[in-house]
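Visitor: Before I ask anything, here is the structure I am working with.
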Amino acid sequence: MALDGASPQTHEYYRGKGTYTKVISVISELTKDKEKYGLRVVVGTTLGKSNYKEVPEIVRLMDKLNVDYWVYGALIPIGRGKFFEEECLTPKELLDCYKLILNSSKFAVSYTHLRAHETSLHLVCRLLL
């Protein structure tokens, strides 16, 4: 499940009009009965210029929705992302974003999950923290 913003305006910029309410509704339904069915709810966020400053609000929303795992990654301009190339984070923005993540969540212990997809920029940011 993808949630790319804490507000409808931000999420729908990336995912299309009317998608925010649907995503929130599906996440809420999944988390409501997750114990009964043994589910783990995972939500992913693609981070770009329009949403990275919302990270604290996104983290709070994940907690409010009772999501089990929140995964994230910087926008890469391939596939659908090629239409959002201007949304790619600069090295400084990416570093700021990772710091926001670590400071916003009491559960954050790392910000690299998919090292196979890591670029030298990610490595530098990881080492700087």
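By convention in this document, the chains of the structure tokens carry letters A, B, ... by their order, each chain's residues are numbered from 1, and ligands are numbered from 1 in the order they are shown.
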Where in range 13-73 of chain A does DSSP assign strand (DSSP E), given as a PyMOL selection string?

Guide: chain A and resi 42-47+69-73

Visitor: May I ask which of the residues A:Gly16, A:Asn66, A:Ser7, A:Gly44 is the closest one to Leu30 in chain A, counting only C-alpha atoms?

Guide: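 Checking each candidate against Leu30 in chain A, we get A:Asn66 as the closest.
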
Visitor: When you look at Leu65 in chain A with a cut-off of 10 Å (counting only C-alpha atoms), what residues show up, excluding the ones that are within fewer than 2 positions of it in the same chain? I need them as number ranges by chain.

Guide: A: 24-25, 27-32, 41, 59-63, 67-68

Visitor: Generate the output file for the selected residues, N, CA, C and O atoms, as a CSV table (one decimal), in the first residue's frame.

Guide:
chain,number,residue,atom,x,y,z
A,24,ILE,N,-6.4,5.6,2.7
A,24,ILE,CA,-6.7,5.7,4.2
A,24,ILE,C,-7.8,4.7,4.6
A,24,ILE,O,-7.6,4.0,5.6
A,25,SER,N,-8.8,4.6,3.8
A,25,SER,CA,-9.9,3.6,4.1
A,25,SER,C,-9.4,2.2,4.1
A,25,SER,O,-9.7,1.4,5.0
A,27,ILE,N,-6.3,1.1,4.4
A,27,ILE,CA,-5.3,0.9,5.5
A,27,ILE,C,-6.1,0.7,6.8
A,27,ILE,O,-5.8,-0.2,7.6
A,28,SER,N,-7.1,1.5,7.0
A,28,SER,CA,-8.0,1.4,8.3
A,28,SER,C,-8.7,0.1,8.4
A,28,SER,O,-8.7,-0.5,9.4
A,29,GLU,N,-9.2,-0.4,7.2
A,29,GLU,CA,-9.9,-1.7,7.2
A,29,GLU,C,-8.9,-2.8,7.5
A,29,GLU,O,-9.2,-3.8,8.3
A,30,LEU,N,-7.7,-2.8,6.9
A,30,LEU,CA,-6.7,-3.8,7.1
A,30,LEU,C,-6.3,-3.9,8.6
A,30,LEU,O,-6.1,-4.9,9.1
A,31,THR,N,-6.0,-2.7,9.1
A,31,THR,CA,-5.5,-2.7,10.5
A,31,THR,C,-6.6,-3.1,11.5
A,31,THR,O,-6.2,-3.6,12.6
A,32,LYS,N,-7.8,-2.8,11.2
A,32,LYS,CA,-8.9,-3.1,12.1
A,32,LYS,C,-9.0,-4.6,12.5
A,32,LYS,O,-9.2,-5.0,13.6
A,41,VAL,N,0.5,-5.0,8.4
A,41,VAL,CA,0.2,-4.0,7.4
A,41,VAL,C,1.4,-3.2,7.1
A,41,VAL,O,2.0,-2.6,8.1
A,59,VAL,N,4.7,10.0,9.7
A,59,VAL,CA,5.0,9.1,10.8
A,59,VAL,C,3.9,9.1,11.8
A,59,VAL,O,3.4,8.0,12.3
A,60,ARG,N,3.3,10.2,12.2
A,60,ARG,CA,2.2,10.3,13.2
A,60,ARG,C,1.0,9.6,12.6
A,60,ARG,O,0.3,8.9,13.3
A,61,LEU,N,0.8,9.7,11.3
A,61,LEU,CA,-0.4,9.1,10.6
A,61,LEU,C,-0.2,7.6,10.6
A,61,LEU,O,-1.2,6.8,10.9
A,62,MET,N,1.0,7.1,10.4
A,62,MET,CA,1.2,5.7,10.4
A,62,MET,C,0.9,5.1,11.8
A,62,MET,O,0.3,4.0,11.9
A,63,ASP,N,1.3,5.8,12.8
A,63,ASP,CA,1.0,5.4,14.2
A,63,ASP,C,-0.5,5.4,14.5
A,63,ASP,O,-1.0,4.5,15.0
A,67,VAL,N,-0.3,1.0,11.7
A,67,VAL,CA,0.5,0.3,10.7
A,67,VAL,C,1.7,-0.4,11.3
A,67,VAL,O,2.3,0.1,12.2
A,68,ASP,N,1.9,-1.6,10.8
A,68,ASP,CA,3.0,-2.4,11.4
A,68,ASP,C,4.4,-2.0,10.9
A,68,ASP,O,5.4,-1.9,11.7

Visitor: Out of A:Arg40, A:Ile101, A:Gly48, A:Val26, which residue has the shortest atom-to-atom distance to Pro77 in chain A when counting only C-alpha atoms?

Guide: A:Gly48

Visitor: Counting only C-alpha atoms, which residue out of A:Cys88, A:Ala2, A:Gly38, A:Ser105 sits closest to Val23 in chain A?

Guide: A:Ala2

Visitor: Using DSSP assignments from the backbone, pull out every residue in chain A that falls under alpha helix (DSSP H) and give it to me as an MDAnalysis selection string.

Guide: chainID A and resid 8:15 19:32 34:37 55:64 91:104 120:128

Visitor: Determine, counting only C-alpha atoms, which protein, DNA and RNA residues have an atom within 10 Å of an atom of Thr10 in chain A; residues of the same chain fewer than 4 positions away are not included. Present the result as a PDB file with N, CA and C atoms, in the first residue's frame.

Guide:
ATOM      1  N   LEU A   3       1.346   5.352   0.453  1.00  0.00           N
ATOM      2  CA  LEU A   3       0.821   6.615   0.966  1.00  0.00           C
ATOM      3  C   LEU A   3       1.950   7.626   0.865  1.00  0.00           C
ATOM      4  N   ASP A   4       1.792   8.581  -0.045  1.00  0.00           N
ATOM      5  CA  ASP A   4       2.878   9.508  -0.352  1.00  0.00           C
ATOM      6  C   ASP A   4       2.667  10.920   0.180  1.00  0.00           C
ATOM      7  N   GLY A   5       1.834  11.044   1.192  1.00  0.00           N
ATOM      8  CA  GLY A   5       1.652  12.350   1.811  1.00  0.00           C
ATOM      9  C   GLY A   5       0.748  12.248   3.015  1.00  0.00           C
ATOM     10  N   ALA A   6       0.904  13.185   3.935  1.00  0.00           N
ATOM     11  CA  ALA A   6       0.054  13.218   5.122  1.00  0.00           C
ATOM     12  C   ALA A   6      -1.270  13.906   4.820  1.00  0.00           C
ATOM     13  N   TYR A  14       1.107  12.933  -6.278  1.00  0.00           N
ATOM     14  CA  TYR A  14       1.884  11.798  -6.781  1.00  0.00           C
ATOM     15  C   TYR A  14       1.002  10.676  -7.346  1.00  0.00           C
ATOM     16  N   ARG A  15      -0.122  10.400  -6.702  1.00  0.00           N
ATOM     17  CA  ARG A  15      -0.890   9.187  -7.003  1.00  0.00           C
ATOM     18  C   ARG A  15      -2.203   9.401  -7.746  1.00  0.00           C
ATOM     19  N   GLY A  16      -2.636  10.647  -7.863  1.00  0.00           N
ATOM     20  CA  GLY A  16      -3.863  10.903  -8.618  1.00  0.00           C
ATOM     21  C   GLY A  16      -5.039  11.308  -7.740  1.00  0.00           C
ATOM     22  N   TYR A  20      -6.298   9.442  -2.034  1.00  0.00           N
ATOM     23  CA  TYR A  20      -5.968   9.551  -0.607  1.00  0.00           C
ATOM     24  C   TYR A  20      -7.030   8.896   0.268  1.00  0.00           C
ATOM     25  N   SER A  50       8.058  17.387  -2.812  1.00  0.00           N
ATOM     26  CA  SER A  50       6.741  17.848  -2.356  1.00  0.00           C
ATOM     27  C   SER A  50       6.263  17.203  -1.068  1.00  0.00           C
ATOM     28  N   ASN A  51       6.910  16.119  -0.626  1.00  0.00           N
ATOM     29  CA  ASN A  51       6.393  15.474   0.583  1.00  0.00           C
ATOM     30  C   ASN A  51       7.412  15.243   1.696  1.00  0.00           C
ATOM     31  N   GLU A  54       6.862  16.655   5.081  1.00  0.00           N
ATOM     32  CA  GLU A  54       5.701  16.127   5.794  1.00  0.00           C
ATOM     33  C   GLU A  54       6.032  14.859   6.578  1.00  0.00           C
TER      34      GLU A  54
END

Visitor: From the options A:Lys17, A:Ala74, A:Asp33, A:Thr45, which residue's atoms come nearest to Leu94 in chain A, counting only C-alpha atoms?

Guide: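 Nearest candidate to Leu94 in chain A out of A:Lys17, A:Ala74, A:Asp33, A:Thr45: A:Ala74.
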
Visitor: One decimal, Å: what's the distance from CA of Pro91 in chain A over to CA of Val55 in chain A, could you say?

Guide: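 According to the coordinates, CA of Pro91 in chain A and CA of Val55 in chain A are separated by 16.7 Å.
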
Visitor: What's the separation between CA of Thr90 in chain A and CA of Met1 in chain A, in Å to one decimal place?

Guide: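 The value is 25.8 Å.
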
Visitor: Just the number, please: distance in Å from CA of Leu95 in chain A to CA of Gly81 in chain A, one decimal.

Guide: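 Going from CA of Leu95 in chain A over to CA of Gly81 in chain A, I get 20.2 Å.
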
Visitor: Counting only C-alpha atoms, which of A:Leu100, A:Arg80, A:Trp70, A:Leu75 gets nearest to Lys49 in chain A?

Guide: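 Ranked by minimum distance to Lys49 in chain A, first place goes to A:Leu75.
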